[in-house]
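What's in my_file_15.txt: compact mmCIF, C-alpha atoms and all ligand atoms
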# COMPACT_ATOMS: atom_id res chain seq x y z
CA MET A 131 492.18 255.55 39.05
CA LYS A 132 493.72 257.50 36.19
CA GLU A 133 492.55 261.11 36.18
CA PHE A 134 491.26 260.85 32.60
CA ARG A 135 489.02 257.93 33.58
CA ASP A 136 487.79 259.41 36.85
CA PRO A 137 483.95 259.47 36.91
CA GLN A 138 483.95 262.26 39.50
CA ARG A 139 486.06 264.44 37.22
CA PHE A 140 483.71 263.62 34.34
CA LYS A 141 480.69 264.69 36.40
CA SER A 142 482.37 267.87 37.58
CA LEU A 143 483.46 268.90 34.06
CA ALA A 144 480.05 268.09 32.58
CA GLU A 145 478.39 270.16 35.30
CA GLN A 146 480.69 273.14 34.73
CA ILE A 147 480.03 273.02 30.99
CA ARG A 148 476.28 272.61 31.41
CA ASN A 149 476.16 275.74 33.57
CA PHE A 150 478.61 277.76 31.50
CA LYS A 151 477.21 281.20 30.70
CA LEU A 152 477.97 282.72 27.30
CA ASP A 153 476.44 285.85 25.82
CA ASP A 154 476.67 284.71 22.20
CA THR A 155 476.41 281.52 20.23
CA VAL A 156 479.70 279.65 20.08
CA ARG A 157 480.66 277.29 17.26
CA LEU A 158 483.35 274.72 18.06
CA MET A 159 484.74 272.35 15.46
CA GLU A 160 486.18 268.92 16.19
CA VAL A 161 488.83 268.15 13.58
CA CYS A 162 489.02 264.42 14.11
CA GLY A 163 486.65 261.63 13.17
CA THR A 164 487.36 259.75 16.40
CA HIS A 165 486.36 262.84 18.38
CA THR A 166 483.11 263.08 16.41
CA MET A 167 482.44 259.42 17.12
CA ASN A 168 483.20 259.66 20.85
CA ILE A 169 481.28 262.89 21.33
CA ARG A 170 478.16 261.18 20.00
CA ARG A 171 478.92 257.83 21.63
CA PHE A 172 479.30 259.29 25.13
CA GLY A 173 476.56 261.89 24.66
CA ILE A 174 478.97 264.77 25.25
CA HIS A 175 476.97 267.00 22.88
CA THR A 176 474.04 266.71 25.31
CA THR A 177 476.07 268.36 28.10
CA LEU A 178 476.55 271.60 26.16
CA PRO A 179 474.62 274.81 26.81
CA SER A 180 472.04 275.42 24.08
CA ASN A 181 474.12 278.23 22.54
CA VAL A 182 477.19 276.03 21.98
CA GLU A 183 477.25 274.25 18.63
CA LEU A 184 479.57 271.42 17.68
CA LEU A 185 480.61 271.20 14.03
CA SER A 186 482.35 268.23 12.49
CA GLY A 187 485.42 269.08 10.45
CA PRO A 188 487.58 267.46 7.78
CA GLY A 189 489.12 264.91 10.14
CA CYS A 190 488.06 261.66 8.54
CA PRO A 191 490.85 260.65 6.12
CA VAL A 192 488.66 258.52 3.88
CA CYS A 193 486.01 261.25 3.69
CA VAL A 194 488.37 264.01 2.55
CA THR A 195 489.89 261.78 -0.15
CA ASP A 196 488.37 263.10 -3.35
CA ASN A 197 486.89 261.05 -6.17
CA THR A 198 489.87 261.48 -8.52
CA TYR A 199 491.99 259.43 -6.13
CA ILE A 200 489.41 256.65 -5.74
CA ASP A 201 488.77 256.59 -9.49
CA TYR A 202 492.49 256.21 -10.12
CA ALA A 203 492.69 253.29 -7.67
CA ILE A 204 489.72 251.65 -9.42
CA GLU A 205 491.43 252.00 -12.80
CA LEU A 206 494.44 250.22 -11.33
CA THR A 207 492.26 247.22 -10.43
CA LYS A 208 491.55 246.78 -14.15
CA LEU A 209 495.21 245.92 -14.81
CA ASP A 210 495.97 242.19 -14.58
CA ASP A 211 499.42 242.67 -13.12
CA VAL A 212 498.28 244.96 -10.26
CA ILE A 213 497.20 244.10 -6.72
CA VAL A 214 495.65 247.01 -4.81
CA ALA A 215 496.23 246.85 -1.04
CA THR A 216 494.25 249.14 1.22
CA PHE A 217 492.93 249.74 4.72
CA GLY A 218 489.39 248.38 5.03
CA ASP A 219 487.63 251.75 5.25
CA MET A 220 488.51 252.62 1.66
CA VAL A 221 486.90 249.57 0.08
CA ARG A 222 483.28 250.70 0.28
CA VAL A 223 483.85 254.39 -0.45
CA PRO A 224 481.97 255.30 -3.61
CA GLY A 225 484.09 256.87 -6.33
CA SER A 226 482.54 258.65 -9.30
CA TYR A 227 481.20 255.46 -10.85
CA GLU A 228 481.84 252.59 -8.45
CA SER A 229 483.73 251.54 -5.32
CA LEU A 230 486.75 249.31 -4.86
CA GLU A 231 484.31 246.74 -3.49
CA SER A 232 482.43 246.59 -6.77
CA ALA A 233 485.72 246.63 -8.68
CA ARG A 234 486.70 243.56 -6.66
CA SER A 235 483.41 241.82 -7.36
CA ARG A 236 484.06 242.10 -11.09
CA GLY A 237 487.49 240.53 -10.73
CA GLY A 238 489.87 243.27 -9.55
CA ASP A 239 492.48 242.10 -7.04
CA VAL A 240 491.79 244.31 -4.01
CA ARG A 241 493.16 243.17 -0.66
CA VAL A 242 492.49 244.62 2.76
CA VAL A 243 495.60 245.04 4.90
CA TYR A 244 496.16 246.27 8.43
CA SER A 245 499.50 247.94 7.80
CA PRO A 246 501.66 248.94 4.82
CA LEU A 247 504.07 246.19 5.93
CA ASP A 248 501.34 243.64 5.05
CA ALA A 249 501.30 245.13 1.55
CA LEU A 250 505.08 244.84 1.37
CA LYS A 251 504.77 241.14 2.28
CA ILE A 252 502.22 240.65 -0.51
CA ALA A 253 504.73 242.25 -2.90
CA GLN A 254 507.42 239.86 -1.71
CA GLU A 255 505.10 236.88 -2.29
CA ASN A 256 503.99 238.08 -5.74
CA PRO A 257 507.17 239.21 -7.47
CA GLU A 258 505.58 239.11 -10.92
CA ARG A 259 502.87 241.66 -9.99
CA LYS A 260 502.82 245.30 -8.92
CA VAL A 261 501.45 245.78 -5.41
CA VAL A 262 500.05 249.26 -4.84
CA PHE A 263 499.32 250.45 -1.31
CA LEU A 264 496.69 253.20 -1.05
CA ALA A 265 498.51 255.72 1.11
CA VAL A 266 495.71 257.87 2.53
CA GLY A 267 495.36 259.45 5.93
CA PHE A 268 496.77 262.30 7.95
CA GLU A 269 500.19 262.73 9.54
CA THR A 270 499.41 259.85 11.91
CA THR A 271 499.97 257.16 9.30
CA VAL A 272 502.72 258.82 7.23
CA PRO A 273 505.76 257.75 9.29
CA THR A 274 504.83 254.05 9.05
CA ILE A 275 504.38 254.33 5.31
CA ALA A 276 507.67 256.22 4.98
CA ALA A 277 509.36 253.44 6.97
CA THR A 278 507.82 250.82 4.63
CA VAL A 279 509.09 252.64 1.54
CA LEU A 280 512.59 252.65 3.06
CA LYS A 281 512.23 248.98 3.99
CA ALA A 282 511.21 248.08 0.43
CA ASP A 283 514.44 249.69 -0.82
CA GLU A 284 516.52 248.07 1.90
CA LEU A 285 515.15 244.60 1.08
CA GLY A 286 515.31 245.23 -2.66
CA ILE A 287 511.62 244.55 -3.32
CA PRO A 288 511.05 246.28 -6.68
CA ASN A 289 507.31 245.70 -7.09
CA PHE A 290 506.00 247.66 -4.07
CA TYR A 291 504.41 251.04 -4.89
CA ILE A 292 502.19 253.59 -3.23
CA LEU A 293 499.40 255.77 -4.55
CA ALA A 294 500.18 258.92 -2.55
CA GLY A 295 497.09 260.58 -1.07
CA HIS A 296 498.14 261.88 2.32
CA LYS A 297 496.70 265.09 3.72
CA LEU A 298 498.06 267.54 6.28
CA ILE A 299 495.79 269.02 8.89
CA VAL A 300 497.25 272.53 9.41
CA PRO A 301 496.70 273.70 5.78
CA ALA A 302 493.10 272.46 6.10
CA LEU A 303 492.60 274.67 9.18
CA GLU A 304 494.01 277.61 7.21
CA ALA A 305 491.53 276.91 4.38
CA LEU A 306 488.61 276.63 6.81
CA LEU A 307 489.53 279.84 8.62
CA SER A 308 489.92 281.69 5.31
CA GLY A 309 486.43 280.57 4.21
CA ASP A 310 483.02 281.99 5.00
CA ASN A 311 482.08 279.61 7.80
CA ARG A 312 482.40 281.02 11.33
CA ILE A 313 484.42 278.82 13.67
CA ASP A 314 485.14 280.09 17.18
CA GLY A 315 487.43 277.33 18.43
CA PHE A 316 488.96 274.00 17.50
CA ILE A 317 489.03 270.70 19.38
CA LEU A 318 492.35 269.64 17.85
CA PRO A 319 493.08 266.01 16.94
CA GLY A 320 495.01 263.83 19.39
CA HIS A 321 496.63 261.30 17.07
CA VAL A 322 497.83 263.79 14.46
CA SER A 323 499.13 266.10 17.19
CA ALA A 324 501.19 263.25 18.67
CA ILE A 325 503.21 263.44 15.45
CA ILE A 326 503.21 267.16 14.59
CA GLY A 327 503.07 268.60 18.15
CA VAL A 328 501.08 271.44 19.66
CA ASP A 329 503.37 274.16 18.31
CA ALA A 330 502.49 273.24 14.71
CA TYR A 331 499.11 275.03 15.11
CA ARG A 332 500.44 278.24 16.65
CA ASP A 333 500.98 280.27 13.50
CA VAL A 334 497.62 279.58 11.82
CA LEU A 335 495.47 279.83 14.95
CA SER A 336 497.16 282.92 16.39
CA ARG A 337 496.95 284.76 13.04
CA HIS A 338 493.22 284.08 12.87
CA LYS A 339 492.83 284.64 16.65
CA VAL A 340 490.91 281.37 17.01
CA PRO A 341 491.72 279.23 20.06
CA GLY A 342 492.43 275.50 19.86
CA VAL A 343 492.98 272.71 22.35
CA VAL A 344 494.66 269.39 21.58
CA THR A 345 492.41 266.79 23.11
CA GLY A 346 492.56 263.07 23.85
CA PHE A 347 489.73 260.61 23.27
CA GLU A 348 488.44 259.81 26.74
CA PRO A 349 485.25 261.67 27.64
CA VAL A 350 487.15 263.54 30.37
CA ASP A 351 489.77 264.69 27.82
CA ILE A 352 487.09 266.00 25.47
CA LEU A 353 485.15 267.77 28.21
CA ALA A 354 488.33 269.36 29.59
CA GLY A 355 489.19 270.57 26.07
CA ILE A 356 485.72 272.05 25.57
CA LEU A 357 485.83 273.78 28.95
CA MET A 358 489.22 275.33 28.17
CA LEU A 359 487.90 276.59 24.83
CA LEU A 360 484.70 278.03 26.29
CA SER A 361 486.65 279.87 29.02
CA ALA A 362 489.04 281.38 26.46
CA ILE A 363 486.20 282.43 24.16
CA ARG A 364 484.19 284.00 27.00
CA ASP A 365 487.27 285.95 28.20
CA GLY A 366 488.32 286.95 24.66
CA ARG A 367 491.70 285.24 25.12
CA PHE A 368 493.67 283.32 22.55
CA VAL A 369 494.71 279.92 23.83
CA LEU A 370 496.56 277.00 22.32
CA GLY A 371 496.09 274.31 24.93
CA ASN A 372 496.99 270.68 25.41
CA GLU A 373 494.58 268.39 27.24
CA TYR A 374 496.45 265.33 25.96
CA SER A 375 499.89 265.98 27.38
CA ARG A 376 500.28 262.33 28.40
CA VAL A 377 500.74 261.60 24.66
CA VAL A 378 501.34 264.90 22.84
CA ALA A 379 504.49 267.02 23.21
CA ASP A 380 504.81 270.65 22.13
CA GLU A 381 507.38 269.74 19.50
CA GLY A 382 505.71 266.49 18.38
CA ASN A 383 507.56 263.29 17.60
CA ARG A 384 510.90 264.31 16.10
CA ARG A 385 511.86 260.83 14.93
CA ALA A 386 508.53 260.35 13.14
CA LEU A 387 508.77 263.79 11.52
CA GLU A 388 512.31 263.11 10.30
CA LEU A 389 511.14 259.87 8.73
CA MET A 390 508.19 261.62 7.09
CA TRP A 391 510.29 264.42 5.52
CA LYS A 392 513.02 262.02 4.44
CA VAL A 393 510.60 260.23 2.12
CA PHE A 394 507.88 262.80 1.31
CA GLU A 395 507.61 266.44 0.27
CA LEU A 396 504.75 268.93 0.06
CA GLU A 397 502.27 269.03 -2.78
CA ASP A 398 499.08 270.98 -3.63
CA VAL A 399 496.26 268.43 -3.44
CA PRO A 400 492.47 268.36 -3.81
CA TRP A 401 490.23 267.77 -0.78
CA ARG A 402 486.59 266.76 -0.92
CA GLY A 403 484.57 269.88 -0.24
CA LEU A 404 487.57 272.16 0.20
CA GLY A 405 489.05 272.07 -3.31
CA VAL A 406 492.79 272.23 -3.96
CA ILE A 407 494.66 273.48 -0.88
CA PRO A 408 498.25 274.64 -1.43
CA LYS A 409 500.91 272.44 0.16
CA SER A 410 498.32 270.34 1.95
CA GLY A 411 499.41 266.90 0.75
CA LEU A 412 502.47 264.75 0.35
CA LYS A 413 504.19 263.21 -2.62
CA LEU A 414 507.25 260.98 -2.72
CA ARG A 415 510.57 262.78 -3.07
CA LYS A 416 512.44 262.39 -6.35
CA GLU A 417 514.76 259.75 -4.93
CA PHE A 418 511.71 257.54 -4.20
CA ALA A 419 509.91 258.13 -7.53
CA HIS A 420 510.41 254.43 -8.37
CA ARG A 421 507.80 253.70 -5.63
CA ASP A 422 505.24 256.12 -7.08
CA ILE A 423 502.68 254.17 -9.11
CA ARG A 424 501.60 257.33 -10.95
CA SER A 425 505.06 257.66 -12.45
CA ILE A 426 505.15 253.97 -13.41
CA VAL A 427 501.66 253.34 -14.80
CA LYS A 428 500.04 256.01 -16.96
CA ILE A 429 496.26 255.79 -16.81
CA THR A 430 493.56 258.38 -17.26
CA PRO A 431 490.39 257.71 -15.27
CA PRO A 432 487.09 258.96 -16.68
CA PRO A 433 486.10 262.51 -15.64
CA PRO A 434 485.16 262.63 -11.95
CA ARG A 435 481.63 263.40 -10.82
CA GLU A 436 479.86 263.76 -7.47
CA HIS A 437 476.58 262.20 -6.39
CA PRO A 438 474.21 265.15 -6.90
CA GLY A 439 472.43 264.75 -3.55
CA CYS A 440 475.41 264.08 -1.29
CA ARG A 441 476.38 267.03 0.94
CA CYS A 442 479.51 265.38 2.33
CA GLY A 443 481.63 268.34 1.18
CA ASP A 444 479.46 270.72 3.23
CA VAL A 445 479.52 268.36 6.22
CA LEU A 446 483.32 268.28 6.14
CA GLN A 447 483.47 272.08 6.29
CA GLY A 448 480.97 272.25 9.15
CA LYS A 449 478.48 274.10 6.90
CA ILE A 450 475.71 271.62 7.66
CA LYS A 451 475.24 268.88 10.23
CA PRO A 452 474.92 265.34 8.81
CA ASP A 453 471.23 265.07 9.71
CA GLU A 454 470.56 268.22 7.67
CA CYS A 455 471.43 266.33 4.48
CA PRO A 456 468.12 265.34 2.83
CA LEU A 457 469.47 261.84 2.13
CA PHE A 458 470.50 261.14 5.73
CA ASP A 459 468.73 258.04 7.07
CA THR A 460 466.41 257.99 4.07
CA VAL A 461 468.40 257.00 1.00
CA CYS A 462 471.79 257.04 2.74
CA THR A 463 472.57 254.62 5.59
CA PRO A 464 475.70 252.66 6.59
CA ASP A 465 474.28 249.62 4.74
CA ASN A 466 473.65 251.67 1.64
CA PRO A 467 476.04 254.63 1.82
CA VAL A 468 475.74 257.34 -0.80
CA GLY A 469 478.84 259.26 0.28
CA PRO A 470 482.10 258.58 2.13
CA CYS A 471 480.95 260.40 5.28
CA MET A 472 478.46 257.55 5.82
CA VAL A 473 480.89 254.74 4.94
CA SER A 474 483.82 255.41 7.19
CA SER A 475 483.76 254.44 10.85
CA GLU A 476 485.22 257.92 11.44
CA GLY A 477 482.73 259.69 9.16
CA SER A 478 480.42 262.29 10.69
CA CYS A 479 477.31 260.95 8.97
CA HIS A 480 478.13 257.46 10.22
CA ALA A 481 478.60 258.78 13.78
CA TYR A 482 475.31 260.72 13.69
CA PHE A 483 473.51 257.68 12.29
CA LYS A 484 474.98 255.21 14.77
CA TYR A 485 474.17 257.35 17.84
CA ARG A 486 471.09 259.13 16.52
S1 LIG B 501 474.10 261.54 4.71
FE1 LIG B 501 475.01 260.41 3.00
S2 LIG B 501 474.43 261.58 1.20
FE2 LIG B 501 474.18 262.93 2.98
S3 LIG B 501 476.13 264.00 3.22
FE3 LIG B 501 476.24 262.18 4.48
S4 LIG B 501 477.22 260.67 3.17
FE4 LIG B 501 476.48 262.28 1.80
Final structure tokens representation of the file:
Amino acid sequence: MKEFRDPQRFKSLAEQIRNFKLDDTVRLMEVCGTHTMNIRRFGIHTTLPSNVELLSGPGCPVCVTDNTYIDYAIELTKLDDVIVATFGDMVRVPGSYESLESARSRGGDVRVVYSPLDALKIAQENPERKVVFLAVGFETTVPTIAATVLKADELGIPNFYILAGHKLIVPALEALLSGDNRIDGFILPGHVSAIIGVDAYRDVLSRHKVPGVVTGFEPVDILAGILMLLSAIRDGRFVLGNEYSRVVADEGNRRALELMWKVFELEDVPWRGLGVIPKSGLKLRKEFAHRDIRSIVKITPPPPREHPGCRCGDVLQGKIKPDECPLFDTVCTPDNPVGPCMVSSEGSCHAYFKYR
């Protein structure tokens, strides 16, 4: 029996957390949509003492993608010579006026792919059209996309492009900790950390004196991470821990990071709810500008707007819980999502709805 699947360990950790004594209220944020989902799915939130609050953070890549990006992708679908290729989660996300799904239903060529290499294949098969891959996500997906860009050059496929929309997690933590929302500790994302490593968080978390623990996705991993955080907070200690050392190294994945920085460079980008965060996104380096659809096709989407009732931006900053949004489970459901936090399988509103 692997330790992280051991039911006895699960019981013991849950018991220790349930009986954990804290003088003050503690607010922990999980910065990963899969953590949010698994915390609700396995009922981990029910093991916490009543004065420990869990907040969902900006860890769902589709949710933090702001409307200007989606609107731009929708404008691309109006061009006859463009095929838009995307991961499935993006298709139903509402932009300012419509979603890619509705753009497709009125004739736009939008194709769901499982990897950027699928998009490259579509480009190879459709040499007369521009194939644009919607490059969204955190550091986890960047190396594969970087490798695809290099592959497109190597194979001499001229009609493969990306719409760059990647986000970096550490600048988002900086923005959250510089805001007015109190966060006492972070359950740090497992997948992103496998790329960037534990050490990537040290500067921001130690400056703000807020502990963080990199955590895997098994219930035992999450409970062990929470217990480490609670102990550090009770003792007034700073800790940067790793409860996912079977996957995450202190220095991250050097090969993946080299690939990422070979193709991309930093850019100031807008986040839903958090505004423009300096150096929090990625754009293609000059030598790969021929793969950047924005430099090839000049279009101006209509001015962006937000659904007036959707509080997704506040949910992503941990300012409210999803079920505090007045539209939750009334107007807004996974079948009829008003905002991206309800659409995505990693969205907090979706997780709260599914396991409510
Ligand atoms: S419940 Fe729906 S409307 Fe409310 S914040 Fe979540 S996605 Fe937006």
Two-atom distance - atom CA of Pro470 of chain A, atom CA of Cys193 of chain A (Å)
5.0 Å
Quick one: of A:Val322, A:Glu304, A:Leu360, A:Val399, who's nearest to Tyr374 of chain A, counting only C-alpha atoms?
A:Val322
Considering all atoms listed in the file, state which residue in the set A:Met220, A:Ile252, A:Val377, A:Leu357 is at the smallest distance from Leu264 of chain A.
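Selected residue with least distance to Leu264 of chain A: A:Met220.
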Could I get the residue neighbourhood of ligand LIG 501 (chain B) at 9 Å, counting only C-alpha atoms and all ligand atoms, as a ChimeraX atom specification?
/A:193,437-446,450-464,466-473,477-480,483
Pick from A:Ile317, A:Val223, A:Val340, A:Leu184: nearest to Glu373 of chain A, with only C-alpha atoms counted?
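Ranked by minimum distance to Glu373 of chain A, first place goes to A:Ile317.
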Return as lines of an AutoDock Vina configuration file the box centre and box size in Å, one decimal, for an axis-aligned box around all listed atoms of segment 343-350 of chain A padded by 6 Å per side.
center_x = 490.0
center_y = 266.3
center_z = 26.0
size_x = 21.4
size_y = 24.9
size_z = 20.8
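Nearest to Glu231 of chain A of all the residues A:Gly218, A:Thr176, A:Val262, A:Asn197 is A:Gly218, based on only C-alpha atoms.
In terms of minimum interatomic distance to Asp248 of chain A, A:Val214 ranks closest within A:Pro191, A:Val214, A:Arg234, A:Asp219, counting all atoms listed in the file.
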If we count all atoms listed in the file and set the cut-off at 9 Å, which residues sit around segment 149-165 of chain A, ignoring sequence neighbours fewer than 5 positions away in its own chain? Please answer as a PDB file with C-alpha atoms, keeping the file's coordinate frame.
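Wrote around_30.pdb, looks like this:
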ATOM      1  CA  ALA A 144     480.050 268.090  32.580  1.00  0.00           C
ATOM      2  CA  ARG A 170     478.160 261.180  20.000  1.00  0.00           C
ATOM      3  CA  LEU A 178     476.550 271.600  26.160  1.00  0.00           C
ATOM      4  CA  PRO A 179     474.620 274.810  26.810  1.00  0.00           C
ATOM      5  CA  SER A 180     472.040 275.420  24.080  1.00  0.00           C
ATOM      6  CA  ASN A 181     474.120 278.230  22.540  1.00  0.00           C
ATOM      7  CA  VAL A 182     477.190 276.030  21.980  1.00  0.00           C
ATOM      8  CA  GLU A 183     477.250 274.250  18.630  1.00  0.00           C
ATOM      9  CA  LEU A 184     479.570 271.420  17.680  1.00  0.00           C
ATOM     10  CA  LEU A 185     480.610 271.200  14.030  1.00  0.00           C
ATOM     11  CA  SER A 186     482.350 268.230  12.490  1.00  0.00           C
ATOM     12  CA  GLY A 187     485.420 269.080  10.450  1.00  0.00           C
ATOM     13  CA  PRO A 188     487.580 267.460   7.780  1.00  0.00           C
ATOM     14  CA  GLY A 189     489.120 264.910  10.140  1.00  0.00           C
ATOM     15  CA  CYS A 190     488.060 261.660   8.540  1.00  0.00           C
ATOM     16  CA  PRO A 191     490.850 260.650   6.120  1.00  0.00           C
ATOM     17  CA  ILE A 299     495.790 269.020   8.890  1.00  0.00           C
ATOM     18  CA  LEU A 303     492.600 274.670   9.180  1.00  0.00           C
ATOM     19  CA  ARG A 312     482.400 281.020  11.330  1.00  0.00           C
ATOM     20  CA  ILE A 313     484.420 278.820  13.670  1.00  0.00           C
ATOM     21  CA  ASP A 314     485.140 280.090  17.180  1.00  0.00           C
ATOM     22  CA  GLY A 315     487.430 277.330  18.430  1.00  0.00           C
ATOM     23  CA  PHE A 316     488.960 274.000  17.500  1.00  0.00           C
ATOM     24  CA  ILE A 317     489.030 270.700  19.380  1.00  0.00           C
ATOM     25  CA  LEU A 318     492.350 269.640  17.850  1.00  0.00           C
ATOM     26  CA  PRO A 319     493.080 266.010  16.940  1.00  0.00           C
ATOM     27  CA  GLY A 320     495.010 263.830  19.390  1.00  0.00           C
ATOM     28  CA  HIS A 321     496.630 261.300  17.070  1.00  0.00           C
ATOM     29  CA  VAL A 322     497.830 263.790  14.460  1.00  0.00           C
ATOM     30  CA  THR A 345     492.410 266.790  23.110  1.00  0.00           C
ATOM     31  CA  GLY A 346     492.560 263.070  23.850  1.00  0.00           C
ATOM     32  CA  PHE A 347     489.730 260.610  23.270  1.00  0.00           C
ATOM     33  CA  ILE A 352     487.090 266.000  25.470  1.00  0.00           C
ATOM     34  CA  ILE A 356     485.720 272.050  25.570  1.00  0.00           C
ATOM     35  CA  LEU A 357     485.830 273.780  28.950  1.00  0.00           C
ATOM     36  CA  LEU A 359     487.900 276.590  24.830  1.00  0.00           C
ATOM     37  CA  LEU A 360     484.700 278.030  26.290  1.00  0.00           C
ATOM     38  CA  SER A 361     486.650 279.870  29.020  1.00  0.00           C
ATOM     39  CA  ILE A 363     486.200 282.430  24.160  1.00  0.00           C
ATOM     40  CA  ARG A 364     484.190 284.000  27.000  1.00  0.00           C
ATOM     41  CA  GLY A 448     480.970 272.250   9.150  1.00  0.00           C
ATOM     42  CA  SER A 475     483.760 254.440  10.850  1.00  0.00           C
ATOM     43  CA  GLU A 476     485.220 257.920  11.440  1.00  0.00           C
ATOM     44  CA  GLY A 477     482.730 259.690   9.160  1.00  0.00           C
ATOM     45  CA  SER A 478     480.420 262.290  10.690  1.00  0.00           C
ATOM     46  CA  ALA A 481     478.600 258.780  13.780  1.00  0.00           C
TER      47      ALA A 481
END
Measuring between only C-alpha atoms, which one of A:Gln138, A:Asn256, A:Ser425, A:Ser245 shows the shortest distance to Thr278 of chain A?
A:Ser245
Between atom CA of Pro301 of chain A and atom CA of Val350 of chain A - distance in Å to one decimal
28.3 Å
Any idea what the distance is between atom CA of Tyr291 of chain A and atom CA of Gly405 of chain A?
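Calculated distance between atom CA of Tyr291 of chain A and atom CA of Gly405 of chain A is 26.1 Å.
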Selection: 12 Å around Val300 of chain A, only C-alpha atoms, excl. self and same-chain fewer than 4 positions, as a PyMOL selection string:
chain A and resi 161+188-189+268-269+304-307+316+318-319+322-323+326-335+342+407-411
Skip Ala294 of chain A itself and residues of its chain fewer than 5 positions away, then list as a ChimeraX atom specification all residues within 8 Å of it, counting only C-alpha atoms.
/A:264-266,412-414,422
